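Visitor: Below is the structure I would like to discuss, written out as structure tokens.
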Amino acid sequence: MTDAYGSRRIRCPLCLNWIDWDRVPSVVIDETGAEQPVTSRPADPALGANEKYAAVRRCPHSSPPHYLPDQYGAFGEPIVVGVVGNSLVGKTHLLAAMVGQMQIVTKMDALGLEVRPLDPGIHLDFQRNYLEPFLNGRRQLRATAIEDPNALTYAVQVFSRRSGRAHALAFFDVSGEQLIRAQGNAFIQAVDALLFVVDAANVPPFIGNGNEVPPDSTFEAVLTRLERQFFGDQHAGGGFVPLPAALVVAKADRLEFDAEAPLRRWFSHDDDLDLSTVEDESEDVYAFLSTRGAGAWLSPVHRCLDVSLHYTSATNCEPDGDTFPRERFRQRRVFKPLLTLLAKKNVALGEVP
Ligand SMILES: Nc1nc2c(ncn2[C@@H]2O[C@H](COP(=O)(O)OP(=O)(O)OP(=O)(O)O)[C@@H](O)[C@H]2O)c(=O)[nH]1
Ligand SMILES: [Mg+2]
Ligand SMILES: [Zn+2]
């Protein structure tokens with residue numbers, strides 16, 4: 001959004017206030033935690049690039065102080081993706097697996113995308129604490145701490161040959177416990193796209209034995225908040241939250257020997273970049289969850305405007321102790337849910353098969 005003076009207005013995803021982005025100075029936080037202004041003259045690109053590398057911007061509505069990447073508002077309205085699901089369903093492993101795919105430049109190039117970190121500090125933290133241990137070390141990641149998010153979980157800059165421009169793409173992944181708290185989840189009201197995650201291992205084992213899963217309380221909390229935002233307090237039903245969403249059955253490796261899960265069709269080959277199968281897969285996943293007593297998890301399909309359904313596995317196997325076995329560890333179909341959302345945001349097309 002641009003105001004009457006041509007300045008970009010960006011919504012802070014941490015406090016929801018609007019920021020005149022071009023009027024907020026870039027600063028560098030020094031070792032003592034103090035803010036140092038970035039002073040370089042634009043005429044000297046070498047000095048400017050050096051200083052700006054570690055720059056951030058403090059939200060002017062900061063209380064308590066919070067910072068956004070210096071480039072967060074540089075490309076217009078960012079795309080904010082919220083990851084939603086109960087504790088331990090596999091949100092964080094899935095996000096790390098997705099980000100890992102985004103680092104494979106040949107794959108991104110096939111999609112007409114160039115992806116690079118949006119902020120060196122956020123990138124380094126995510127690389128050190130999530131990508132390295134999980135994707136290189138094959139180690140299990142710890143459950144996410146239960147606390148208010150005071151920063152983005154991860155963020156990239158995506159240049160799209162389709163849209164002909166760059167986009168900031170930011171992710172929020174908080175713990176399932178945090179998502180149902182009344183306080184500290186302002187980011188939900190700033191999301192542009194949603195990844196709802198359920199755990200394949202929690203699907204009742206047989207068709208028709210009358211077992212029904214309870215609703216996912218994080219889905220209910222997030223959908224209720226969004227319905228209030230889009231339709232007001234008096235919302236009586238009948239409207240759809242106007243955001244693209246993907247509903248993901250994570251840990252689908254656990255269904256591999258489940259004769260009733262139509263998994264072989266989807267796990268027998270790698271078509272992670274091909275969007276032409278999304279409709280078929282969505283129908284399969286919908287039928288699987290509804291016939292197996294997991295119909296309560298389908299609430300996003302009934303309450304959001306545009307939802308695709310997917311099977312994914314971030315690991316392809318169970319851990320042995322704290323590590324995933326080398327022979328089996330790999331990521332399967334993890335990028336397609338995000339690619340579907342990016343296509344709906346007009347950032348990417350799937351690979352032409
Ligand atoms: N078999 C299998 N296990 C997985 C997979 N992804 C995650 N897990 C396991 O599931 C557990 C929970 O994963 P997380 O990603 O931490 O779950 P979360 O949803 O982020 O949990 P919170 O942060 O507590 O909300 C861990 O023990 C992982 O090892 C998968 O694709 N397959
Ligand atoms: Mg987590
Ligand atoms: Zn703010």
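Identifiers in the structure tokens: chain A, B, ... in order shown; residue index from 1 per chain; ligand index from 1 in order shown.
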Write out as a list of chain:residue names the residues lying within 7 Å of A:Ala190, counting only C-alpha atoms and excluding same-chain residues fewer than 3 positions away.
Guide: A:Pro13, A:Leu16, A:Val80, A:Phe187
Visitor: As number ranges by chain, list the residues of stretch 106-255 of chain A assigned to strand (DSSP E or B) by DSSP on the backbone atoms of this structure.
Guide: A: 113-117, 139, 154-160, 165-173, 193-199, 241-250
Visitor: Could you save those same residues with N, CA, C and O atoms as a compact mmCIF listing (two decimals), in the first residue's frame?
Guide:
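Result went into part39.txt, see below:
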```
# COMPACT_ATOMS: atom_id res chain seq x y z
N LEU A 113 12.08 -18.92 -10.17
CA LEU A 113 12.26 -18.18 -8.91
C LEU A 113 13.74 -18.06 -8.56
O LEU A 113 14.53 -18.96 -8.81
N GLU A 114 14.09 -16.93 -7.98
CA GLU A 114 15.41 -16.76 -7.35
C GLU A 114 15.14 -16.46 -5.89
O GLU A 114 14.45 -15.49 -5.58
N VAL A 115 15.67 -17.29 -5.01
CA VAL A 115 15.39 -17.14 -3.58
C VAL A 115 16.67 -16.81 -2.83
O VAL A 115 17.69 -17.48 -3.04
N ARG A 116 16.64 -15.79 -2.02
CA ARG A 116 17.80 -15.49 -1.18
C ARG A 116 17.33 -15.01 0.20
O ARG A 116 16.19 -14.58 0.33
N PRO A 117 18.21 -15.13 1.20
CA PRO A 117 17.80 -14.70 2.54
C PRO A 117 17.38 -13.23 2.54
O PRO A 117 17.95 -12.41 1.82
N ARG A 139 19.33 -34.72 12.55
CA ARG A 139 18.90 -34.75 13.96
C ARG A 139 17.47 -34.25 14.12
O ARG A 139 17.02 -33.39 13.37
N TYR A 154 11.36 -17.11 9.92
CA TYR A 154 12.31 -17.12 8.82
C TYR A 154 11.76 -16.20 7.72
O TYR A 154 10.56 -15.92 7.69
N ALA A 155 12.63 -15.73 6.86
CA ALA A 155 12.16 -14.87 5.77
C ALA A 155 13.12 -14.95 4.60
O ALA A 155 14.33 -15.08 4.79
N VAL A 156 12.55 -14.90 3.42
CA VAL A 156 13.37 -14.88 2.20
C VAL A 156 12.88 -13.76 1.29
O VAL A 156 11.77 -13.24 1.43
N GLN A 157 13.75 -13.46 0.33
CA GLN A 157 13.40 -12.57 -0.76
C GLN A 157 13.25 -13.46 -1.99
O GLN A 157 14.16 -14.23 -2.30
N VAL A 158 12.11 -13.38 -2.63
CA VAL A 158 11.88 -14.23 -3.80
C VAL A 158 11.71 -13.33 -5.01
O VAL A 158 10.77 -12.53 -5.06
N PHE A 159 12.62 -13.46 -5.97
CA PHE A 159 12.40 -12.79 -7.24
C PHE A 159 11.68 -13.77 -8.16
O PHE A 159 12.09 -14.93 -8.30
N SER A 160 10.59 -13.30 -8.75
CA SER A 160 9.77 -14.18 -9.58
C SER A 160 9.79 -13.71 -11.02
O SER A 160 9.43 -12.56 -11.30
N ARG A 165 8.97 -9.29 -10.40
CA ARG A 165 9.40 -8.45 -9.28
C ARG A 165 9.82 -9.34 -8.11
O ARG A 165 9.64 -10.56 -8.15
N ALA A 166 10.37 -8.68 -7.12
CA ALA A 166 10.75 -9.42 -5.90
C ALA A 166 9.64 -9.30 -4.87
O ALA A 166 8.85 -8.35 -4.88
N HIS A 167 9.57 -10.30 -3.99
CA HIS A 167 8.60 -10.31 -2.89
C HIS A 167 9.35 -10.70 -1.63
O HIS A 167 10.21 -11.57 -1.66
N ALA A 168 8.99 -10.10 -0.50
CA ALA A 168 9.46 -10.62 0.78
C ALA A 168 8.47 -11.69 1.21
O ALA A 168 7.26 -11.48 1.14
N LEU A 169 9.01 -12.84 1.62
CA LEU A 169 8.17 -13.96 2.04
C LEU A 169 8.58 -14.32 3.46
O LEU A 169 9.74 -14.68 3.70
N ALA A 170 7.66 -14.18 4.41
CA ALA A 170 8.01 -14.38 5.82
C ALA A 170 7.17 -15.51 6.41
O ALA A 170 6.02 -15.71 6.02
N PHE A 171 7.77 -16.24 7.34
CA PHE A 171 7.09 -17.37 7.97
C PHE A 171 6.99 -17.17 9.47
O PHE A 171 7.95 -16.74 10.11
N PHE A 172 5.84 -17.53 10.01
CA PHE A 172 5.67 -17.62 11.46
C PHE A 172 5.38 -19.06 11.82
O PHE A 172 4.40 -19.64 11.33
N ASP A 173 6.22 -19.65 12.64
CA ASP A 173 6.02 -21.01 13.14
C ASP A 173 6.16 -20.96 14.65
O ASP A 173 7.28 -20.89 15.16
N ALA A 193 -1.38 -16.15 3.91
CA ALA A 193 -1.57 -17.53 3.46
C ALA A 193 -1.32 -18.44 4.66
O ALA A 193 -0.59 -18.07 5.59
N LEU A 194 -1.95 -19.61 4.64
CA LEU A 194 -1.90 -20.49 5.82
C LEU A 194 -1.49 -21.90 5.44
O LEU A 194 -1.93 -22.44 4.42
N LEU A 195 -0.65 -22.47 6.31
CA LEU A 195 -0.30 -23.89 6.18
C LEU A 195 -0.87 -24.60 7.41
O LEU A 195 -0.36 -24.41 8.53
N PHE A 196 -1.95 -25.35 7.23
CA PHE A 196 -2.52 -26.12 8.34
C PHE A 196 -1.88 -27.51 8.30
O PHE A 196 -1.83 -28.14 7.24
N VAL A 197 -1.42 -27.98 9.46
CA VAL A 197 -0.68 -29.24 9.48
C VAL A 197 -1.36 -30.23 10.43
O VAL A 197 -1.69 -29.88 11.56
N VAL A 198 -1.57 -31.47 9.94
CA VAL A 198 -2.04 -32.55 10.83
C VAL A 198 -1.05 -33.71 10.76
O VAL A 198 -0.25 -33.82 9.82
N ASP A 199 -1.12 -34.57 11.79
CA ASP A 199 -0.14 -35.65 11.92
C ASP A 199 -0.77 -36.95 11.43
O ASP A 199 -1.78 -37.41 11.97
N VAL A 241 -13.09 -17.46 4.79
CA VAL A 241 -11.91 -16.61 5.03
C VAL A 241 -11.16 -16.45 3.70
O VAL A 241 -10.77 -17.45 3.09
N PRO A 242 -10.99 -15.23 3.22
CA PRO A 242 -10.46 -15.02 1.86
C PRO A 242 -8.94 -15.12 1.78
O PRO A 242 -8.28 -14.21 1.30
N LEU A 243 -8.38 -16.21 2.28
CA LEU A 243 -6.93 -16.41 2.21
C LEU A 243 -6.65 -17.79 1.63
O LEU A 243 -7.36 -18.74 1.95
N PRO A 244 -5.61 -17.91 0.79
CA PRO A 244 -5.24 -19.25 0.32
C PRO A 244 -4.66 -20.08 1.47
O PRO A 244 -3.97 -19.54 2.34
N ALA A 245 -4.98 -21.36 1.46
CA ALA A 245 -4.49 -22.23 2.53
C ALA A 245 -4.14 -23.59 1.95
O ALA A 245 -4.68 -24.00 0.92
N ALA A 246 -3.23 -24.28 2.63
CA ALA A 246 -2.91 -25.67 2.28
C ALA A 246 -3.06 -26.48 3.56
O ALA A 246 -2.61 -26.05 4.62
N LEU A 247 -3.73 -27.61 3.44
CA LEU A 247 -3.89 -28.52 4.59
C LEU A 247 -2.98 -29.72 4.34
O LEU A 247 -3.14 -30.42 3.33
N VAL A 248 -2.03 -29.92 5.23
CA VAL A 248 -0.97 -30.89 4.98
C VAL A 248 -1.07 -32.06 5.96
O VAL A 248 -1.10 -31.85 7.17
N VAL A 249 -1.11 -33.29 5.42
CA VAL A 249 -0.98 -34.47 6.26
C VAL A 249 0.52 -34.75 6.35
O VAL A 249 1.14 -35.30 5.44
N ALA A 250 1.13 -34.29 7.46
CA ALA A 250 2.59 -34.45 7.63
C ALA A 250 2.90 -35.84 8.16
O ALA A 250 2.00 -36.56 8.60
```
Visitor: Which residues are close to stretch 94-106 of chain A, i.e. within 7 Å by only C-alpha atoms, leaving aside same-chain residues fewer than 4 positions away? Reply as a list of chain:residue names.
Guide: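 After dropping sequence-adjacent residues, the list is A:Gly90, A:Ala110, A:Val115, A:Tyr130, A:Leu131, A:Ala314, A:Gln331, A:Val334, A:Phe335.
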Visitor: Can I get the residues of chain A within 7 Å of ligand 1, each with the closest pair of atoms and their distance in Å to one decimal, using only C-alpha atoms and all ligand atoms, sorted chain first then ascending number, as a Markdown table?
Guide:
```
| residue | atom | partner | partner_atom_place_in_ligand_line | distance |
| --- | --- | --- | --- | --- |
| A:Gly85 | CA | ligand 1 | 19 (O) | 6.2 |
| A:Asn86 | CA | ligand 1 | 25 (O) | 5.8 |
| A:Ser87 | CA | ligand 1 | 25 (O) | 3.4 |
| A:Leu88 | CA | ligand 1 | 21 (O) | 3.4 |
| A:Val89 | CA | ligand 1 | 19 (O) | 4.0 |
| A:Gly90 | CA | ligand 1 | 15 (O) | 3.3 |
| A:Lys91 | CA | ligand 1 | 19 (O) | 3.8 |
| A:Thr92 | CA | ligand 1 | 15 (O) | 3.7 |
| A:His93 | CA | ligand 1 | 15 (O) | 4.0 |
| A:Leu94 | CA | ligand 1 | 6 (N) | 6.2 |
| A:Gln140 | CA | ligand 1 | 29 (O) | 4.9 |
| A:Leu141 | CA | ligand 1 | 16 (O) | 5.8 |
| A:Arg142 | CA | ligand 1 | 16 (O) | 5.6 |
| A:Ala143 | CA | ligand 1 | 23 (O) | 4.1 |
| A:Thr144 | CA | ligand 1 | 23 (O) | 3.6 |
| A:Ala145 | CA | ligand 1 | 23 (O) | 6.8 |
| A:Val174 | CA | ligand 1 | 23 (O) | 6.3 |
| A:Ser175 | CA | ligand 1 | 25 (O) | 3.4 |
| A:Gly176 | CA | ligand 1 | 25 (O) | 3.7 |
| A:Glu177 | CA | ligand 1 | 25 (O) | 6.4 |
| A:Ala250 | CA | ligand 1 | 31 (O) | 5.7 |
| A:Lys251 | CA | ligand 1 | 31 (O) | 3.5 |
| A:Ala252 | CA | ligand 1 | 31 (O) | 6.5 |
| A:Asp253 | CA | ligand 1 | 32 (N) | 5.8 |
| A:Arg254 | CA | ligand 1 | 1 (N) | 5.7 |
| A:Thr312 | CA | ligand 1 | 31 (O) | 6.8 |
| A:Ser313 | CA | ligand 1 | 31 (O) | 3.7 |
| A:Ala314 | CA | ligand 1 | 31 (O) | 3.7 |
| A:Thr315 | CA | ligand 1 | 31 (O) | 4.3 |
| A:Asn316 | CA | ligand 1 | 32 (N) | 5.6 |
| A:Cys317 | CA | ligand 1 | 1 (N) | 4.7 |
| A:Glu318 | CA | ligand 1 | 1 (N) | 4.1 |
| A:Pro319 | CA | ligand 1 | 29 (O) | 6.2 |
```
Visitor: For the selection just defined, write its residues with N, CA and C atoms to a file, as a CSV table (one decimal), in the first residue's frame.
Guide:
```csv
chain,number,residue,atom,x,y,z
A,85,GLY,N,-1.1,-25.7,13.7
A,85,GLY,CA,-1.4,-27.1,14.0
A,85,GLY,C,-1.0,-27.4,15.4
A,86,ASN,N,-1.5,-28.4,16.0
A,86,ASN,CA,-1.3,-28.8,17.4
A,86,ASN,C,0.2,-29.1,17.7
A,87,SER,N,0.5,-29.1,18.9
A,87,SER,CA,1.9,-29.4,19.3
A,87,SER,C,2.3,-30.8,18.7
A,88,LEU,N,3.5,-30.9,18.2
A,88,LEU,CA,4.2,-32.1,17.8
A,88,LEU,C,3.6,-32.7,16.5
A,89,VAL,N,2.7,-32.0,15.8
A,89,VAL,CA,2.2,-32.5,14.5
A,89,VAL,C,3.3,-32.5,13.4
A,90,GLY,N,4.4,-31.8,13.6
A,90,GLY,CA,5.4,-31.8,12.6
A,90,GLY,C,5.6,-30.4,11.9
A,91,LYS,N,5.2,-29.3,12.5
A,91,LYS,CA,5.2,-28.0,11.8
A,91,LYS,C,6.7,-27.6,11.5
A,92,THR,N,7.5,-27.7,12.6
A,92,THR,CA,8.8,-27.1,12.4
A,92,THR,C,9.7,-27.9,11.5
A,93,HIS,N,9.6,-29.3,11.6
A,93,HIS,CA,10.4,-30.1,10.6
A,93,HIS,C,9.9,-29.8,9.2
A,94,LEU,N,8.6,-29.6,9.0
A,94,LEU,CA,8.1,-29.4,7.7
A,94,LEU,C,8.6,-28.0,7.1
A,140,GLN,N,16.8,-34.8,15.1
A,140,GLN,CA,15.4,-34.3,15.5
A,140,GLN,C,15.6,-32.9,16.0
A,141,LEU,N,14.6,-32.0,15.6
A,141,LEU,CA,14.6,-30.7,16.2
A,141,LEU,C,13.7,-30.7,17.4
A,142,ARG,N,14.1,-29.8,18.3
A,142,ARG,CA,13.3,-29.7,19.6
A,142,ARG,C,11.9,-29.1,19.3
A,143,ALA,N,11.0,-29.4,20.2
A,143,ALA,CA,9.7,-28.7,20.2
A,143,ALA,C,9.9,-27.2,20.3
A,144,THR,N,9.1,-26.4,19.6
A,144,THR,CA,9.3,-25.0,19.7
A,144,THR,C,8.9,-24.5,21.1
A,145,ALA,N,9.7,-23.5,21.6
A,145,ALA,CA,9.4,-23.0,22.9
A,145,ALA,C,8.0,-22.3,22.9
A,174,VAL,N,5.1,-20.9,15.4
A,174,VAL,CA,5.1,-20.9,16.8
A,174,VAL,C,4.6,-22.3,17.3
A,175,SER,N,4.8,-22.5,18.6
A,175,SER,CA,4.4,-23.9,19.1
A,175,SER,C,2.9,-24.0,19.1
A,176,GLY,N,2.4,-25.2,19.0
A,176,GLY,CA,0.9,-25.4,19.1
A,176,GLY,C,0.3,-24.8,20.3
A,177,GLU,N,1.0,-25.0,21.4
A,177,GLU,CA,0.5,-24.4,22.7
A,177,GLU,C,0.3,-22.9,22.6
A,250,ALA,N,1.1,-34.3,7.5
A,250,ALA,CA,2.6,-34.4,7.6
A,250,ALA,C,2.9,-35.8,8.2
A,251,LYS,N,4.2,-36.2,8.1
A,251,LYS,CA,4.6,-37.5,8.5
A,251,LYS,C,3.9,-38.7,7.8
A,252,ALA,N,3.7,-38.4,6.5
A,252,ALA,CA,2.9,-39.4,5.7
A,252,ALA,C,3.7,-40.7,5.6
A,253,ASP,N,5.0,-40.7,5.8
A,253,ASP,CA,5.8,-41.9,5.9
A,253,ASP,C,5.2,-42.9,6.8
A,254,ARG,N,4.5,-42.5,7.8
A,254,ARG,CA,3.9,-43.4,8.8
A,254,ARG,C,2.7,-44.1,8.2
A,312,THR,N,2.8,-35.1,2.9
A,312,THR,CA,4.2,-34.7,2.9
A,312,THR,C,4.9,-35.6,3.9
A,313,SER,N,6.2,-35.8,3.7
A,313,SER,CA,7.1,-36.3,4.8
A,313,SER,C,8.4,-35.6,4.8
A,314,ALA,N,8.7,-35.0,6.0
A,314,ALA,CA,9.9,-34.2,6.1
A,314,ALA,C,11.1,-35.1,6.3
A,315,THR,N,10.9,-36.3,6.6
A,315,THR,CA,12.0,-37.2,7.0
A,315,THR,C,12.0,-38.5,6.3
A,316,ASN,N,10.9,-39.0,5.9
A,316,ASN,CA,10.7,-40.3,5.2
A,316,ASN,C,10.8,-41.5,6.2
A,317,CYS,N,11.1,-41.2,7.4
A,317,CYS,CA,11.3,-42.3,8.4
A,317,CYS,C,11.2,-41.8,9.8
A,318,GLU,N,11.1,-42.8,10.7
A,318,GLU,CA,11.1,-42.5,12.2
A,318,GLU,C,12.6,-42.3,12.6
A,319,PRO,N,12.7,-41.5,13.7
A,319,PRO,CA,14.1,-41.4,14.2
A,319,PRO,C,14.6,-42.6,14.9
```
Visitor: So how far away is atom CA of A:Phe134 from atom CA of A:Thr323, in Å?
Guide: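 The value is 8.8 Å.
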Visitor: Select the residues contacting ligand 3 at a distance of at most 12 Å, based on only C-alpha atoms and all ligand atoms, then format the selection as a PyMOL selection string.
Guide: chain A and resi 10-21+24+57-69+149-152+186-187+190
Visitor: Those residues you just picked out, can you put them in a file as a JSON list (two decimals), in the first residue's frame with C-alpha atoms?
Guide:
```json
[["chain", "number", "residue", "atom", "x", "y", "z"],
["A", 10, "ILE", "CA", 3.56, -1.93, 5.54],
["A", 11, "ARG", "CA", 1.70, -3.68, 8.33],
["A", 12, "CYS", "CA", 3.97, -4.75, 11.19],
["A", 13, "PRO", "CA", 3.24, -8.48, 11.64],
["A", 14, "LEU", "CA", 4.29, -8.29, 15.30],
["A", 15, "CYS", "CA", 2.03, -5.47, 16.56],
["A", 16, "LEU", "CA", -0.28, -4.99, 13.51],
["A", 17, "ASN", "CA", 0.29, -1.23, 13.29],
["A", 18, "TRP", "CA", 0.93, 0.32, 9.89],
["A", 19, "ILE", "CA", 4.42, 1.65, 9.22],
["A", 20, "ASP", "CA", 5.47, 4.32, 6.73],
["A", 21, "TRP", "CA", 8.34, 2.14, 5.66],
["A", 24, "VAL", "CA", 11.71, 4.52, 9.31],
["A", 57, "ARG", "CA", 14.31, -1.19, 11.33],
["A", 58, "ARG", "CA", 12.62, -0.63, 14.65],
["A", 59, "CYS", "CA", 8.86, -0.61, 14.42],
["A", 60, "PRO", "CA", 7.86, 2.95, 15.42],
["A", 61, "HIS", "CA", 5.00, 1.51, 17.48],
["A", 62, "SER", "CA", 7.54, -0.48, 19.46],
["A", 63, "SER", "CA", 6.54, -1.13, 23.01],
["A", 64, "PRO", "CA", 8.28, -3.33, 23.88],
["A", 65, "PRO", "CA", 10.83, -2.64, 21.11],
["A", 66, "HIS", "CA", 10.71, -4.96, 18.13],
["A", 67, "TYR", "CA", 12.61, -5.00, 14.88],
["A", 68, "LEU", "CA", 11.94, -6.02, 11.31],
["A", 69, "PRO", "CA", 14.47, -6.90, 8.61],
["A", 149, "PRO", "CA", 6.89, -14.53, 18.77],
["A", 150, "ASN", "CA", 8.99, -11.37, 18.89],
["A", 151, "ALA", "CA", 10.47, -11.88, 15.44],
["A", 152, "LEU", "CA", 9.75, -13.70, 12.20],
["A", 186, "ALA", "CA", -0.99, -10.84, 16.71],
["A", 187, "PHE", "CA", 0.78, -12.25, 13.64],
["A", 190, "ALA", "CA", -1.31, -10.34, 9.47]]
```
Visitor: Of the residues A:Val278, A:Leu47, A:Leu255, A:Ile188, which is the one nearest to A:Arg225, using only C-alpha atoms?
Guide: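 With only C-alpha atoms as the atom set, the closest residue is A:Ile188.
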Visitor: Would you list the contacts of A:Ala54 as a list in words, taking every protein, DNA or RNA residue within 10 Å and counting only C-alpha atoms, but skipping same-chain residues closer than 3 positions in sequence?
Guide: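 Once the nearby chain positions are removed, what remains is Ser26, Val27, Val28, Ile29, Asp30, Val38, Ala49, Asn50, Glu51, Pro69, Asp70, Asp119, Pro120 and Gly121 of chain A.
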Visitor: For the residues in the current selection, export N, CA and C atoms as a PDB file, in the first residue's frame.
Guide:
```
ATOM      1  N   SER A  26      17.036   3.005   8.964  1.00  0.00           N
ATOM      2  CA  SER A  26      17.747   1.741   9.169  1.00  0.00           C
ATOM      3  C   SER A  26      18.735   1.939  10.303  1.00  0.00           C
ATOM      4  N   VAL A  27      18.845   0.952  11.160  1.00  0.00           N
ATOM      5  CA  VAL A  27      19.831   1.024  12.253  1.00  0.00           C
ATOM      6  C   VAL A  27      20.571  -0.302  12.342  1.00  0.00           C
ATOM      7  N   VAL A  28      21.726  -0.257  12.999  1.00  0.00           N
ATOM      8  CA  VAL A  28      22.459  -1.488  13.289  1.00  0.00           C
ATOM      9  C   VAL A  28      22.493  -1.621  14.807  1.00  0.00           C
ATOM     10  N   ILE A  29      22.242  -2.812  15.311  1.00  0.00           N
ATOM     11  CA  ILE A  29      22.305  -3.041  16.758  1.00  0.00           C
ATOM     12  C   ILE A  29      23.737  -3.462  17.096  1.00  0.00           C
ATOM     13  N   ASP A  30      24.404  -2.690  17.967  1.00  0.00           N
ATOM     14  CA  ASP A  30      25.797  -3.050  18.295  1.00  0.00           C
ATOM     15  C   ASP A  30      25.854  -4.108  19.393  1.00  0.00           C
ATOM     16  N   VAL A  38      22.448   4.071  10.552  1.00  0.00           N
ATOM     17  CA  VAL A  38      23.216   3.774   9.340  1.00  0.00           C
ATOM     18  C   VAL A  38      23.392   5.091   8.614  1.00  0.00           C
ATOM     19  N   ALA A  49      26.664  -0.740   1.260  1.00  0.00           N
ATOM     20  CA  ALA A  49      26.387  -2.179   1.307  1.00  0.00           C
ATOM     21  C   ALA A  49      26.956  -2.784   2.583  1.00  0.00           C
ATOM     22  N   ASN A  50      28.136  -2.325   2.973  1.00  0.00           N
ATOM     23  CA  ASN A  50      28.782  -2.841   4.180  1.00  0.00           C
ATOM     24  C   ASN A  50      27.949  -2.519   5.412  1.00  0.00           C
ATOM     25  N   GLU A  51      27.504  -1.271   5.517  1.00  0.00           N
ATOM     26  CA  GLU A  51      26.735  -0.856   6.697  1.00  0.00           C
ATOM     27  C   GLU A  51      25.356  -1.486   6.719  1.00  0.00           C
ATOM     28  N   PRO A  69      13.332  -6.960   9.523  1.00  0.00           N
ATOM     29  CA  PRO A  69      14.473  -6.905   8.610  1.00  0.00           C
ATOM     30  C   PRO A  69      14.456  -5.594   7.808  1.00  0.00           C
ATOM     31  N   ASP A  70      15.641  -5.084   7.518  1.00  0.00           N
ATOM     32  CA  ASP A  70      15.750  -3.813   6.791  1.00  0.00           C
ATOM     33  C   ASP A  70      15.032  -3.878   5.438  1.00  0.00           C
ATOM     34  N   ASP A 119      17.272 -11.480   5.485  1.00  0.00           N
ATOM     35  CA  ASP A 119      17.977 -10.838   6.580  1.00  0.00           C
ATOM     36  C   ASP A 119      19.097 -11.767   7.040  1.00  0.00           C
ATOM     37  N   PRO A 120      20.349 -11.281   7.022  1.00  0.00           N
ATOM     38  CA  PRO A 120      21.470 -12.175   7.357  1.00  0.00           C
ATOM     39  C   PRO A 120      21.384 -12.761   8.761  1.00  0.00           C
ATOM     40  N   GLY A 121      20.898 -11.984   9.719  1.00  0.00           N
ATOM     41  CA  GLY A 121      20.813 -12.475  11.100  1.00  0.00           C
ATOM     42  C   GLY A 121      19.782 -13.591  11.233  1.00  0.00           C
TER      43      GLY A 121
END
```
Visitor: For the helix (DSSP H, G or I) assignment from backbone DSSP, which residues of stretch 37-117 of chain A qualify? Please present them as a ChimeraX atom specification.
Guide: /A:45-52,91-102,105-110
